[in-house]
Amino acid sequence: MINELLLQFGQWMEAQQYSQMLVAGYYSYSWLEATHVLTLMVSIGSLFIIDFRMLGWILPNVSASTIADRLHKPMMIGFAIMFITGFLLVYAKPVETIQSLWFRIKMVLLVLAFINAWIFNAKMKAADGNWDNDSVAPRNLRVGAILSLVLWCGVVTMGRYIPYDWVDCDKTQNSTILWAAGCVDQLKAL
Amino acid sequence: MFSTIWSQYKATLTVFLVLLVIVVLEVLQVRAAIYPSLLPAFEWLKNSTPLGYIGTTYGSIYATVQAMHLLAMGTLGGLVLTTDLRLLGVMFRNTPSEVISNGTHKAFKVALIAAVLTGIFCVAGVADKVYYMPVFWVKMLALAVGAAFVFLVKQPLLNSKPHSEINPWIIRGMAITSILVWFTVAASGRWIGFS
């Protein structure tokens with residue numbers, strides 16, 4: 001049911017004039033993709049520095065809250081650009097992307113990464129500031145930092161897999177993969 | 001006298017000599033003569049090494065290493081921006097720039113090594129293709145310039161004395177140069193994928 005709805009939504013987007021324009025213009029799609037990837041340096045770059053600081057791997061003599069506060073703004077700007085360009089990339093090729101197993105796993109990991117970030121922030125605010133100048137953050141924050149690193153590595157890896165066609169709808173007969181990727185027509189044909 | 005000048009301006013003279021050698025090689029068309037002889041090395045990398053074999057045979061491993069390369073470049077970019085924006089006085093104004101530049105340098109080296117190692121693997125799988133791409137050579141040149149700039153100019157100067165004693169315009173110039181060079185490395189790398 002959800003897969004059918006998502007496919008219909010994708011087909012509706014694909015019929016839009018602006019969606020077709022984005023794909024037709026070779027450079028527009030390339031620029032979007034390039035901006036999406038290059039902004040990693042601002043978003044993931046800043047986020048990883050915060051996580052590394054929590055784990056005591058970097059800048060141990062600068063307070064953790066200073067690192068987190070100062071890098072929060074560029075990180076959010078980076079993520080905002082990534083989300084806008086990411087949405088436009090999906091908008092340009094909606095059916096293909098919605099029926100990509102890797103894209104779906106990426107979205108799940110993205111949601112988990114944001115839940116983790118939200119919990120991490122809450123824990124950081126709740127903790128008393130005694131540890132702020134310690135080279136290593138308390139255990140619960142370190143666990144959050146490791147989870148953040150793992151989840152974002154997963155997000156980037158899944159993003160890198162999307163252009164590959166190993167498990168595209170027309171490349172596999174495995175019903176579980178077809179269901180997970182939302183390959184509605186191929187599932188019906190089985 | 002020469003040894004005094006050399007000891008005082010070692011890094012600057014080294015960079016000048018490197019640039020001079022590049023100009024001489026270009027004028028004498030040595031680079032143009034060397035370039036065709038590199039093709040067998042690229043073909044060997046793809047066809048006769050384990051890296052080339054894995055890169056061309058196992059697509060999932062190749063894509064995973066590509067993702068690791070992206071992550072290394074993303075981390076490297078974040079470290080470059082953090083350090084250089086501090087040197088420009090844009091952020092971390094309440095933290096001494098010495099602390100930021102020294103504190104990020106070790107991680108920068110690790111990220112650079114990771115980016116280079118994963119990059120070699122990525123090249124091995126498509127070595128005979130990238131050899132003919134001008135943008136690949138732009139990336140290699142920018143990478144060499146970036147590494148030389150960091151290790152021969154930027155870090156030696158930043159470590160030589162308190163930053164307050166260095167001309168602020170030199171520091172700003174270095175920070176802007178660093179951002180531009182590393183952005184060129186990343187952008188040309190991205191463009192290899194489009195070519």
# chains A, B, ... in the order shown; residues from 1 in each chain; ligands from 1
$ select_by_dssp --residues "stretch 65-166 of chain A" --states "helix (DSSP H, G or I)" --output "VMD selection string"
chain A and resid 65 to 92 94 to 98 101 to 126 129 to 131 139 to 161
$ write_last_selection --atoms "C-alpha atoms" --output "JSON list (two decimals), in the first residue's frame"
[["chain", "number", "residue", "atom", "x", "y", "z"],
["A", 65, "SER", "CA", 30.68, 23.30, 24.46],
["A", 66, "THR", "CA", 32.79, 25.92, 22.62],
["A", 67, "ILE", "CA", 33.42, 23.47, 19.75],
["A", 68, "ALA", "CA", 29.76, 22.45, 19.59],
["A", 69, "ASP", "CA", 28.46, 26.04, 19.80],
["A", 70, "ARG", "CA", 30.80, 27.53, 17.20],
["A", 71, "LEU", "CA", 30.41, 24.72, 14.67],
["A", 72, "HIS", "CA", 26.65, 24.41, 15.08],
["A", 73, "LYS", "CA", 25.82, 27.26, 12.69],
["A", 74, "PRO", "CA", 28.06, 26.24, 9.74],
["A", 75, "MET", "CA", 26.94, 22.64, 10.25],
["A", 76, "MET", "CA", 23.26, 23.60, 10.04],
["A", 77, "ILE", "CA", 23.88, 25.81, 6.98],
["A", 78, "GLY", "CA", 25.66, 22.84, 5.37],
["A", 79, "PHE", "CA", 22.82, 20.46, 6.17],
["A", 80, "ALA", "CA", 20.22, 22.97, 4.92],
["A", 81, "ILE", "CA", 22.01, 23.19, 1.55],
["A", 82, "MET", "CA", 22.33, 19.41, 1.44],
["A", 83, "PHE", "CA", 18.63, 18.93, 2.11],
["A", 84, "ILE", "CA", 17.57, 21.47, -0.52],
["A", 85, "THR", "CA", 19.90, 20.01, -3.17],
["A", 86, "GLY", "CA", 19.04, 16.48, -2.04],
["A", 87, "PHE", "CA", 15.33, 17.18, -2.43],
["A", 88, "LEU", "CA", 15.91, 18.65, -5.90],
["A", 89, "LEU", "CA", 17.95, 15.59, -6.90],
["A", 90, "VAL", "CA", 15.04, 13.37, -5.86],
["A", 91, "TYR", "CA", 12.60, 15.75, -7.61],
["A", 92, "ALA", "CA", 14.61, 15.42, -10.84],
["A", 94, "PRO", "CA", 11.64, 10.74, -8.46],
["A", 95, "VAL", "CA", 10.53, 7.27, -9.60],
["A", 96, "GLU", "CA", 14.07, 5.97, -10.02],
["A", 97, "THR", "CA", 15.08, 7.33, -6.59],
["A", 98, "ILE", "CA", 11.95, 6.27, -4.70],
["A", 101, "LEU", "CA", 16.78, 0.33, -2.00],
["A", 102, "TRP", "CA", 19.86, 2.39, -1.09],
["A", 103, "PHE", "CA", 17.87, 5.63, -1.05],
["A", 104, "ARG", "CA", 15.34, 4.06, 1.30],
["A", 105, "ILE", "CA", 18.04, 2.78, 3.67],
["A", 106, "LYS", "CA", 19.67, 6.22, 3.48],
["A", 107, "MET", "CA", 16.39, 7.88, 4.55],
["A", 108, "VAL", "CA", 16.02, 5.46, 7.49],
["A", 109, "LEU", "CA", 19.60, 6.14, 8.60],
["A", 110, "LEU", "CA", 19.00, 9.87, 8.18],
["A", 111, "VAL", "CA", 15.97, 9.72, 10.50],
["A", 112, "LEU", "CA", 17.98, 7.68, 13.03],
["A", 113, "ALA", "CA", 20.86, 10.17, 12.81],
["A", 114, "PHE", "CA", 18.49, 13.06, 13.57],
["A", 115, "ILE", "CA", 16.88, 11.24, 16.49],
["A", 116, "ASN", "CA", 20.39, 10.54, 17.81],
["A", 117, "ALA", "CA", 21.36, 14.22, 17.34],
["A", 118, "TRP", "CA", 18.24, 15.33, 19.19],
["A", 119, "ILE", "CA", 18.92, 12.96, 22.12],
["A", 120, "PHE", "CA", 22.61, 13.97, 22.08],
["A", 121, "ASN", "CA", 21.68, 17.66, 22.34],
["A", 122, "ALA", "CA", 19.21, 16.97, 25.14],
["A", 123, "LYS", "CA", 21.82, 14.97, 27.08],
["A", 124, "MET", "CA", 24.40, 17.70, 26.56],
["A", 125, "LYS", "CA", 22.06, 20.36, 27.92],
["A", 126, "ALA", "CA", 21.02, 18.14, 30.84],
["A", 129, "GLY", "CA", 29.15, 21.55, 32.90],
["A", 130, "ASN", "CA", 31.81, 19.92, 35.08],
["A", 131, "TRP", "CA", 33.09, 17.77, 32.19],
["A", 139, "ARG", "CA", 30.17, 7.99, 28.53],
["A", 140, "ASN", "CA", 26.59, 8.68, 27.39],
["A", 141, "LEU", "CA", 27.77, 11.53, 25.15],
["A", 142, "ARG", "CA", 30.62, 9.43, 23.78],
["A", 143, "VAL", "CA", 28.13, 6.72, 22.84],
["A", 144, "GLY", "CA", 26.04, 9.40, 21.09],
["A", 145, "ALA", "CA", 29.13, 10.63, 19.23],
["A", 146, "ILE", "CA", 30.06, 7.11, 18.05],
["A", 147, "LEU", "CA", 26.45, 6.47, 16.96],
["A", 148, "SER", "CA", 26.51, 9.77, 15.09],
["A", 149, "LEU", "CA", 29.74, 8.82, 13.27],
["A", 150, "VAL", "CA", 28.43, 5.35, 12.36],
["A", 151, "LEU", "CA", 25.03, 6.62, 11.18],
["A", 152, "TRP", "CA", 26.47, 9.43, 9.04],
["A", 153, "CYS", "CA", 29.08, 7.10, 7.54],
["A", 154, "GLY", "CA", 26.12, 4.90, 6.63],
["A", 155, "VAL", "CA", 24.19, 7.83, 5.15],
["A", 156, "VAL", "CA", 27.14, 8.82, 2.94],
["A", 157, "THR", "CA", 27.81, 5.21, 1.91],
["A", 158, "MET", "CA", 24.16, 4.62, 0.96],
["A", 159, "GLY", "CA", 24.21, 7.90, -0.96],
["A", 160, "ARG", "CA", 27.25, 6.67, -2.86],
["A", 161, "TYR", "CA", 25.47, 3.37, -3.66]]
$ interface_residues --of "chain A" --to "chain B" --cutoff "6 Å" --atoms "only C-alpha atoms" --output "list of chain:residue names"
A:Leu40, A:Met41, A:Val42, A:Gly45, A:Ser46, A:Leu59, A:Thr157, A:Arg160
$ write_last_selection --atoms "C-alpha atoms" --output "PDB file, in the first residue's frame"
ATOM      1  CA  LEU A  40      29.699  17.488   2.892  1.00  0.00           C
ATOM      2  CA  MET A  41      32.844  19.401   3.786  1.00  0.00           C
ATOM      3  CA  VAL A  42      30.782  21.922   5.740  1.00  0.00           C
ATOM      4  CA  GLY A  45      33.100  18.081   8.343  1.00  0.00           C
ATOM      5  CA  SER A  46      31.727  20.215  11.201  1.00  0.00           C
ATOM      6  CA  LEU A  59      41.240  19.794  20.295  1.00  0.00           C
ATOM      7  CA  THR A 157      27.815   5.207   1.913  1.00  0.00           C
ATOM      8  CA  ARG A 160      27.252   6.668  -2.864  1.00  0.00           C
TER       9      ARG A 160
END
$ residues_around --residues "stretch 162-166 of chain B" --least-positions-apart "4" --cutoff "12 Å" --atoms "only C-alpha atoms" --output "ChimeraX atom specification"
/B:86-88,96-102,154-158,170-174
$ residues_around --residues "A:Trp179" --least-positions-apart "2" --cutoff "12 Å" --atoms "only C-alpha atoms" --output "MDAnalysis selection string"
chainID A and resid 1:4 99:101 104 167:169 172:177 181:188 190
$ closest_residue --among "B:Val126, B:Ile192, B:Val24, B:Val30" --to "B:Leu45" --atoms "only C-alpha atoms"
B:Val126
$ decode --residues "stretch 52-174 of chain B" --atoms "C-alpha atoms" --output "mmCIF file, in the first residue's frame"
data_model
loop_
_atom_site.group_PDB
_atom_site.id
_atom_site.type_symbol
_atom_site.label_atom_id
_atom_site.label_comp_id
_atom_site.auth_asym_id
_atom_site.auth_seq_id
_atom_site.Cartn_x
_atom_site.Cartn_y
_atom_site.Cartn_z
ATOM 1 C CA GLY B 52 42.941 -2.841 -9.920
ATOM 2 C CA TYR B 53 41.555 -6.381 -9.806
ATOM 3 C CA ILE B 54 39.313 -5.685 -6.780
ATOM 4 C CA GLY B 55 38.254 -2.303 -8.198
ATOM 5 C CA THR B 56 37.181 -3.767 -11.533
ATOM 6 C CA THR B 57 35.708 -7.032 -10.211
ATOM 7 C CA TYR B 58 33.833 -6.116 -7.027
ATOM 8 C CA GLY B 59 31.588 -3.097 -7.615
ATOM 9 C CA SER B 60 30.306 -3.041 -4.038
ATOM 10 C CA ILE B 61 33.845 -2.822 -2.606
ATOM 11 C CA TYR B 62 34.713 -0.094 -5.103
ATOM 12 C CA ALA B 63 31.596 1.926 -4.142
ATOM 13 C CA THR B 64 32.320 1.467 -0.428
ATOM 14 C CA VAL B 65 35.875 2.745 -0.834
ATOM 15 C CA GLN B 66 34.476 5.668 -2.864
ATOM 16 C CA ALA B 67 32.226 6.466 0.113
ATOM 17 C CA MET B 68 35.249 6.271 2.445
ATOM 18 C CA HIS B 69 37.079 8.649 0.112
ATOM 19 C CA LEU B 70 34.132 11.056 0.311
ATOM 20 C CA LEU B 71 34.082 10.808 4.109
ATOM 21 C CA ALA B 72 37.831 11.443 4.302
ATOM 22 C CA MET B 73 37.492 14.447 1.990
ATOM 23 C CA GLY B 74 34.511 15.728 3.987
ATOM 24 C CA THR B 75 36.478 15.470 7.238
ATOM 25 C CA LEU B 76 39.520 17.073 5.634
ATOM 26 C CA GLY B 77 37.346 19.923 4.339
ATOM 27 C CA GLY B 78 35.802 20.463 7.759
ATOM 28 C CA LEU B 79 39.235 20.647 9.378
ATOM 29 C CA VAL B 80 40.555 23.038 6.720
ATOM 30 C CA LEU B 81 37.518 25.305 7.079
ATOM 31 C CA THR B 82 37.659 25.281 10.892
ATOM 32 C CA THR B 83 41.361 26.188 10.929
ATOM 33 C CA ASP B 84 41.233 28.738 8.131
ATOM 34 C CA LEU B 85 38.044 30.453 9.297
ATOM 35 C CA ARG B 86 39.717 30.839 12.710
ATOM 36 C CA LEU B 87 42.787 32.333 11.026
ATOM 37 C CA LEU B 88 40.446 34.725 9.196
ATOM 38 C CA GLY B 89 38.823 35.645 12.517
ATOM 39 C CA VAL B 90 35.387 34.398 11.418
ATOM 40 C CA MET B 91 34.887 31.860 14.202
ATOM 41 C CA PHE B 92 36.435 30.659 17.476
ATOM 42 C CA ARG B 93 37.494 34.276 18.096
ATOM 43 C CA ASN B 94 37.770 33.627 21.850
ATOM 44 C CA THR B 95 40.130 30.684 21.326
ATOM 45 C CA PRO B 96 43.769 31.387 20.381
ATOM 46 C CA SER B 97 44.380 30.527 16.725
ATOM 47 C CA GLU B 98 47.523 28.599 17.758
ATOM 48 C CA VAL B 99 45.331 26.182 19.733
ATOM 49 C CA ILE B 100 42.980 25.592 16.788
ATOM 50 C CA SER B 101 45.672 25.249 14.106
ATOM 51 C CA ASN B 102 47.827 22.910 16.209
ATOM 52 C CA GLY B 103 44.829 20.973 17.528
ATOM 53 C CA THR B 104 43.452 20.195 14.064
ATOM 54 C CA HIS B 105 46.744 19.492 12.271
ATOM 55 C CA LYS B 106 47.145 15.875 13.431
ATOM 56 C CA ALA B 107 43.583 15.023 12.387
ATOM 57 C CA PHE B 108 44.223 16.831 9.083
ATOM 58 C CA LYS B 109 47.202 14.550 8.417
ATOM 59 C CA VAL B 110 45.141 11.440 9.217
ATOM 60 C CA ALA B 111 42.290 12.613 6.940
ATOM 61 C CA LEU B 112 44.769 13.423 4.149
ATOM 62 C CA ILE B 113 46.404 9.979 4.384
ATOM 63 C CA ALA B 114 42.948 8.328 4.363
ATOM 64 C CA ALA B 115 41.904 10.413 1.342
ATOM 65 C CA VAL B 116 45.112 9.567 -0.556
ATOM 66 C CA LEU B 117 44.969 5.819 0.209
ATOM 67 C CA THR B 118 41.287 5.486 -0.724
ATOM 68 C CA GLY B 119 41.948 7.750 -3.722
ATOM 69 C CA ILE B 120 44.679 5.403 -5.016
ATOM 70 C CA PHE B 121 42.198 2.518 -4.800
ATOM 71 C CA CYS B 122 39.541 4.551 -6.645
ATOM 72 C CA VAL B 123 42.044 5.419 -9.398
ATOM 73 C CA ALA B 124 43.222 1.798 -9.717
ATOM 74 C CA GLY B 125 39.775 0.620 -10.830
ATOM 75 C CA VAL B 126 39.535 3.181 -13.648
ATOM 76 C CA ALA B 127 43.217 4.047 -14.185
ATOM 77 C CA ASP B 128 43.127 3.782 -17.989
ATOM 78 C CA LYS B 129 40.112 6.142 -18.034
ATOM 79 C CA VAL B 130 41.269 8.869 -15.625
ATOM 80 C CA TYR B 131 44.683 9.040 -17.313
ATOM 81 C CA TYR B 132 43.019 10.797 -20.274
ATOM 82 C CA MET B 133 40.963 13.217 -18.112
ATOM 83 C CA PRO B 134 42.443 16.716 -17.789
ATOM 84 C CA VAL B 135 40.354 17.248 -14.637
ATOM 85 C CA PHE B 136 42.098 14.267 -12.961
ATOM 86 C CA TRP B 137 45.465 15.927 -13.507
ATOM 87 C CA VAL B 138 44.057 19.217 -12.213
ATOM 88 C CA LYS B 139 43.091 17.371 -9.028
ATOM 89 C CA MET B 140 46.534 15.736 -8.705
ATOM 90 C CA LEU B 141 48.260 19.076 -9.242
ATOM 91 C CA ALA B 142 45.966 20.827 -6.742
ATOM 92 C CA LEU B 143 46.575 18.007 -4.238
ATOM 93 C CA ALA B 144 50.360 18.334 -4.625
ATOM 94 C CA VAL B 145 50.139 22.128 -4.301
ATOM 95 C CA GLY B 146 47.810 21.831 -1.280
ATOM 96 C CA ALA B 147 50.056 19.335 0.536
ATOM 97 C CA ALA B 148 53.205 21.334 -0.259
ATOM 98 C CA PHE B 149 51.491 24.526 0.876
ATOM 99 C CA VAL B 150 50.378 23.042 4.201
ATOM 100 C CA PHE B 151 53.605 21.212 5.080
ATOM 101 C CA LEU B 152 56.171 23.609 3.618
ATOM 102 C CA VAL B 153 54.573 27.020 4.058
ATOM 103 C CA LYS B 154 51.513 27.218 6.295
ATOM 104 C CA GLN B 155 52.400 24.993 9.257
ATOM 105 C CA PRO B 156 56.093 26.015 9.440
ATOM 106 C CA LEU B 157 55.095 29.676 9.478
ATOM 107 C CA LEU B 158 52.256 29.204 11.979
ATOM 108 C CA ASN B 159 54.582 27.221 14.266
ATOM 109 C CA SER B 160 57.506 29.621 13.912
ATOM 110 C CA LYS B 161 56.203 32.321 16.270
ATOM 111 C CA PRO B 162 53.057 33.497 18.096
ATOM 112 C CA HIS B 163 50.407 34.355 15.491
ATOM 113 C CA SER B 164 50.111 37.867 16.920
ATOM 114 C CA GLU B 165 53.680 38.502 15.704
ATOM 115 C CA ILE B 166 52.894 37.468 12.103
ATOM 116 C CA ASN B 167 51.558 40.081 9.699
ATOM 117 C CA PRO B 168 47.748 39.577 9.809
ATOM 118 C CA TRP B 169 47.490 39.974 6.016
ATOM 119 C CA ILE B 170 49.920 37.081 5.534
ATOM 120 C CA ILE B 171 47.773 34.938 7.832
ATOM 121 C CA ARG B 172 44.584 35.937 6.000
ATOM 122 C CA GLY B 173 46.224 35.335 2.624
ATOM 123 C CA MET B 174 47.363 31.889 3.725
#
